[in-house]
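Worksheet: the structure to be examined is printed underneath.
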Amino acid sequence: MSSTCIPYTAFAAPSALYADFLSNFASVARFYDYPPCAAESYARAAAAIDYPDERRAALVAALEHRNGASPALAALARPGTVVVTTGQQAGLFSGPAYTIYKALTAAKLARRLTENGIPAVAVFWLATEDHDFEEVRSCWVFNHEQRPKCLEVVPESTVPRVVGSIPITGDPAAGIIGALGDLPFAQEVVALVSDAYRDGRPFGDAFAALLAVLLPGYDLLLLDPLDPAIRALAAPVLARAVEAAPDLLAALARRGGELTAAGYHAQVHVEPDHAPFFLLHGDQRLSLRRGGDVYSSRDARYTTGELRDLAARLSPNALLRPVVADYLMPTVATVLGPAETAYMAQSQVLYHALLGRTPVMVPRAGFTVLDARAAKLMARYNLELNDILEGEEALAARIAAKLVPPALDRSLATAERETEAVLDRLRPGVGAFDATLGAALEKSRAKILYQLGKIRRKTARESARRDQRAAVETAHLANLVYPHRRLQERFYSILPFLARHGLDLIGRLYENVQVDRPDHRILMA
């Protein structure tokens with residue numbers, strides 16, 4: 001598998017904050033404690049960790065319940081071992097492909113740190129507490145003809161509840177084999193998914209089971225925040241967040257103003273009566289609003305003291321969640337996507353107030369995986385990634401232009417240049433003779449050149465119509481690289497790539513993860 005890398009900012013359109021985080025860190029250094037991907041950052045973050053032995057023992061015991069005994073868990077049990085975290089919502093069939101890229105980045109960074117004298121293990125946070133089932137109940141795959149297909153599950157109840165507890169009904173993997181078509185390794189992939197997504201299994205457990213079978217041998221520990229032992233372990237920091245809520249919200253408001261003043265924007269708008277946590281009531285995650293010393297849910301009210309006593313039932317919001325995770329674990333670094341990294345500029349104030357430290361923010365690996373056909377097409381038409389990201393219509397026009405016979409294309413180009421030169425030579429004399437004629441010449445010049453260009457464009461389109469293959473090739477490239485005008489890694493699940501290239505694709509991706517360079521990699525499989 002060959003690969004090339006390009007800077008993320010060269011092909012994507014990241015937020016100004018994330019762009020500066022990657023390439024102009026000095027301008028955002030006040031919002032993040034450590035530059036990304038720097039050896040000294042990890043050393044400083046590790047030195048700042050003061051993690052109690054009793055919390056380590058409780059964490060190891062809680063993780064063993066889900067993960068079983070493993071070398072990674074044994075390493076975590078040893079004092080001084082730190083954690084590289086990452087995580088993702090419990091998406092259907094592993095969610096978008098970048099879920100796997102996050103996990104591989106964390107695993108590789110943990111191994112790199114260990115080799116460099118900072119013993120580390122990787123932990124994946126299963127975001128089972130999230131309650132937006134609509135966001136995770138579907139995923140996209142493609143077949144051997146590169147036709148996208150949406151797979152989805154329907155909840156048995158419309159009552160909102162935390163995603164991790166929603167049971168699987170029927171056999172959601174049944175539709176996969178037809179969606180993957182004749183991809184060579186489809187049967188193996190379907191077998192793995194069918195085993196993970198069993199009837200009656202909670203959605204979060206199915207997600208975890210698939211990750212475990214896709215990522216064996218990478219020493220990745222899975223953490224489920226719905227686990228009662230984890231909830232009990234997190235209760236002290238959530239209780240502190242309840243007590244400090246007014247100060248925390250004031251700090252978040254100030255940080256939002258600082259980001260705006262610096263030319264950026266806050267990912268989360270914090271309302272004055274906002275609470276940075278939810279209340280878990282059975283399988284439901286209830287919003288809370290704060291008014292003085294009282295918090296209100298949909299149908300109940302709690303004083304600060306009462307809510308503090310319910311800390312084991314609290315669920316942090318997007319800004320507080322990483323703080324809770326890094327209270328639970330001796331986190332040295334966390335692997336994030338672009339939006340999550342931007343969130344951390346706000347979360348920093350919560351870290352400082354509740355933990356007195358932050359981890360290093362590490363950009364996740366990003367990949368565009370090409371099959372042999374796509375690689376050949378890009379070479380044949382001299383295409384770059386950005387050419388495909390212009391959209392299918394623009395890509396079709398570009399390929400059509402390449403299909404114009406070279407001699408004819410040169411002749412048309414020469415005619416345009418020579419005609420323009422002749423008209424330019426006429427311009428001074430005609431204008432001097434009569435201004436009205438000069439203006440008429442300018443209009444005629446524009447029309448003549450437009451018509452010549454139009455002939456050239458029509459020639460290209462006619463060439464494309466004569467070669468039906470061009471349309472098929474355009475669709476293949478667009479559907480693979482930029483489906484529905486979205487980056488491949490954000491649109492497709494990892495499943496169709498495994499079905500096309502084999503389960504060992506995971507290992508080849510891992511080999512191409514570069515933890516010291518936040519670049520996007522194009523892999524020719």
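Numbering starts fresh at 1 for the residues of each chain in the structure tokens, the chains themselves are lettered A, B, ... in the order given, and ligands are numbered from 1 as they appear.
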
**Message:** Residues within 9 Å of Ala48 (chain A), please, as a ChimeraX atom specification. Count only C-alpha atoms; anything in the same chain fewer than 2 positions from it doesn't count.
**Reply:** /A:43-46,50,332,356-358

**Item:** Spatial neighbours of Ala39 (chain A), max dist 12 Å, only C-alpha atoms, sep filter under 2 positions, as a PyMOL selection string
**Value:** chain A and resi 34-37+41-46+109+112-113+116-118+332-333+360+362+515-516

**Message:** DSSP on the backbone, strand (DSSP E) only: what residues of region 98-210 of chain A does that give? Format it as a ChimeraX atom specification.
**Reply:** /A:120-127,138-142,148-152

Just-selected residues, N, CA, C and O atoms written as a PDB file, in the first residue's frame:
```pdb
ATOM      1  N   ALA A 120       2.495   4.091  28.612  1.00  0.00           N
ATOM      2  CA  ALA A 120       1.151   4.578  28.289  1.00  0.00           C
ATOM      3  C   ALA A 120       0.312   3.454  27.701  1.00  0.00           C
ATOM      4  O   ALA A 120       0.834   2.523  27.075  1.00  0.00           O
ATOM      5  N   VAL A 121      -0.987   3.552  27.903  1.00  0.00           N
ATOM      6  CA  VAL A 121      -1.957   2.665  27.268  1.00  0.00           C
ATOM      7  C   VAL A 121      -3.036   3.530  26.616  1.00  0.00           C
ATOM      8  O   VAL A 121      -3.204   4.702  26.966  1.00  0.00           O
ATOM      9  N   ALA A 122      -3.752   2.945  25.666  1.00  0.00           N
ATOM     10  CA  ALA A 122      -4.812   3.667  24.955  1.00  0.00           C
ATOM     11  C   ALA A 122      -6.172   3.230  25.484  1.00  0.00           C
ATOM     12  O   ALA A 122      -6.424   2.038  25.683  1.00  0.00           O
ATOM     13  N   VAL A 123      -7.061   4.212  25.711  1.00  0.00           N
ATOM     14  CA  VAL A 123      -8.424   3.942  26.192  1.00  0.00           C
ATOM     15  C   VAL A 123      -9.410   4.643  25.271  1.00  0.00           C
ATOM     16  O   VAL A 123      -9.262   5.838  24.995  1.00  0.00           O
ATOM     17  N   PHE A 124     -10.414   3.902  24.818  1.00  0.00           N
ATOM     18  CA  PHE A 124     -11.465   4.448  23.949  1.00  0.00           C
ATOM     19  C   PHE A 124     -12.720   4.672  24.776  1.00  0.00           C
ATOM     20  O   PHE A 124     -13.270   3.739  25.362  1.00  0.00           O
ATOM     21  N   TRP A 125     -13.165   5.931  24.817  1.00  0.00           N
ATOM     22  CA  TRP A 125     -14.370   6.320  25.561  1.00  0.00           C
ATOM     23  C   TRP A 125     -15.587   6.067  24.676  1.00  0.00           C
ATOM     24  O   TRP A 125     -15.769   6.715  23.642  1.00  0.00           O
ATOM     25  N   LEU A 126     -16.417   5.112  25.074  1.00  0.00           N
ATOM     26  CA  LEU A 126     -17.650   4.815  24.353  1.00  0.00           C
ATOM     27  C   LEU A 126     -18.706   5.840  24.783  1.00  0.00           C
ATOM     28  O   LEU A 126     -19.162   5.813  25.926  1.00  0.00           O
ATOM     29  N   ALA A 127     -19.083   6.733  23.896  1.00  0.00           N
ATOM     30  CA  ALA A 127     -20.003   7.814  24.273  1.00  0.00           C
ATOM     31  C   ALA A 127     -21.441   7.299  24.315  1.00  0.00           C
ATOM     32  O   ALA A 127     -22.319   7.732  23.560  1.00  0.00           O
ATOM     33  N   SER A 138     -27.857   5.421  11.703  1.00  0.00           N
ATOM     34  CA  SER A 138     -27.648   5.074  10.301  1.00  0.00           C
ATOM     35  C   SER A 138     -26.183   5.192   9.941  1.00  0.00           C
ATOM     36  O   SER A 138     -25.395   5.838  10.652  1.00  0.00           O
ATOM     37  N   CYS A 139     -25.821   4.535   8.857  1.00  0.00           N
ATOM     38  CA  CYS A 139     -24.467   4.683   8.319  1.00  0.00           C
ATOM     39  C   CYS A 139     -24.513   4.413   6.822  1.00  0.00           C
ATOM     40  O   CYS A 139     -25.486   3.860   6.301  1.00  0.00           O
ATOM     41  N   TRP A 140     -23.447   4.801   6.147  1.00  0.00           N
ATOM     42  CA  TRP A 140     -23.368   4.647   4.692  1.00  0.00           C
ATOM     43  C   TRP A 140     -22.294   3.632   4.332  1.00  0.00           C
ATOM     44  O   TRP A 140     -21.213   3.608   4.934  1.00  0.00           O
ATOM     45  N   VAL A 141     -22.606   2.808   3.335  1.00  0.00           N
ATOM     46  CA  VAL A 141     -21.637   1.881   2.765  1.00  0.00           C
ATOM     47  C   VAL A 141     -21.711   2.020   1.245  1.00  0.00           C
ATOM     48  O   VAL A 141     -22.478   2.826   0.727  1.00  0.00           O
ATOM     49  N   PHE A 142     -20.905   1.240   0.524  1.00  0.00           N
ATOM     50  CA  PHE A 142     -20.996   1.232  -0.944  1.00  0.00           C
ATOM     51  C   PHE A 142     -20.819  -0.205  -1.433  1.00  0.00           C
ATOM     52  O   PHE A 142     -20.332  -1.080  -0.703  1.00  0.00           O
ATOM     53  N   PRO A 148     -23.363   4.429  -3.296  1.00  0.00           N
ATOM     54  CA  PRO A 148     -23.615   4.577  -1.864  1.00  0.00           C
ATOM     55  C   PRO A 148     -24.974   4.017  -1.470  1.00  0.00           C
ATOM     56  O   PRO A 148     -25.945   4.104  -2.228  1.00  0.00           O
ATOM     57  N   LYS A 149     -25.025   3.457  -0.273  1.00  0.00           N
ATOM     58  CA  LYS A 149     -26.265   2.914   0.258  1.00  0.00           C
ATOM     59  C   LYS A 149     -26.336   3.240   1.741  1.00  0.00           C
ATOM     60  O   LYS A 149     -25.387   3.022   2.493  1.00  0.00           O
ATOM     61  N   CYS A 150     -27.471   3.772   2.177  1.00  0.00           N
ATOM     62  CA  CYS A 150     -27.671   4.093   3.589  1.00  0.00           C
ATOM     63  C   CYS A 150     -28.317   2.907   4.302  1.00  0.00           C
ATOM     64  O   CYS A 150     -29.332   2.366   3.844  1.00  0.00           O
ATOM     65  N   LEU A 151     -27.700   2.496   5.416  1.00  0.00           N
ATOM     66  CA  LEU A 151     -28.260   1.461   6.282  1.00  0.00           C
ATOM     67  C   LEU A 151     -28.743   2.128   7.561  1.00  0.00           C
ATOM     68  O   LEU A 151     -28.093   3.037   8.072  1.00  0.00           O
ATOM     69  N   GLU A 152     -29.847   1.669   8.097  1.00  0.00           N
ATOM     70  CA  GLU A 152     -30.361   2.299   9.306  1.00  0.00           C
ATOM     71  C   GLU A 152     -31.165   1.310  10.142  1.00  0.00           C
ATOM     72  O   GLU A 152     -31.596   0.264   9.651  1.00  0.00           O
TER      73      GLU A 152
END
```

Contacts of Thr169 (chain A) at 9 Å or less, counting only C-alpha atoms, minus same-chain residues fewer than 5 places along, as a compact mmCIF listing (two decimals) with C-alpha atoms, in the first residue's frame?
```txt
# COMPACT_ATOMS: atom_id res chain seq x y z
CA VAL A 153 -32.17 0.88 12.30
CA VAL A 154 -35.48 2.02 13.74
CA PRO A 155 -35.86 2.24 17.53
CA GLU A 156 -38.65 0.20 19.06
CA ARG A 198 -27.27 -9.47 18.01
CA ASP A 199 -30.97 -9.18 18.68
CA GLY A 200 -31.56 -7.75 22.15
CA ARG A 201 -28.01 -6.54 22.77
```

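Distance-wise, CA of Ser3 (chain A) and CA of Pro363 (chain A) end up 18.8 Å apart.
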
**Item:** Spatial neighbours of Met344 (chain A), 12 Å, only C-alpha atoms, chain gap at least 3 places, as a VMD selection string
**Value:** chain A and resid 17 to 18 21 28 30 to 34 252 255 to 256 259 266 to 268 318 to 323 334 to 341 347 to 352 358 to 362

**Request:** Find, counting only C-alpha atoms, the residue in A:Ala58, A:Ala174, A:Ala262, A:Ala374 that gets nearest to Ile522 (chain A).
**Result:**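 Checking each candidate against Ile522 (chain A), we get A:Ala374 as the closest.
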
**Prompt:** Where in region 364-446 of chain A does DSSP assign alpha helix (DSSP H), given as a PyMOL selection string?
**Reply:** chain A and resi 372-380+385-389+392-402+406-433+435-446

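Proximity to Leu280 (chain A) was assessed for A:Ile168, A:His144, A:Leu385, A:His131 counting only C-alpha atoms; the smallest distance is recorded for A:His131.
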
**Asked** Nearest to Ala212 (chain A) among A:Ala379, A:Val136, A:Ala186, A:Ile100, with distances taken over only C-alpha atoms: which residue is it?
**Response**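 Of A:Ala379, A:Val136, A:Ala186, A:Ile100, the one nearest Ala212 (chain A) is A:Ile100, counting only C-alpha atoms.
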
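Going from CA of Arg240 (chain A) over to CA of Leu226 (chain A), you cover 19.6 Å.
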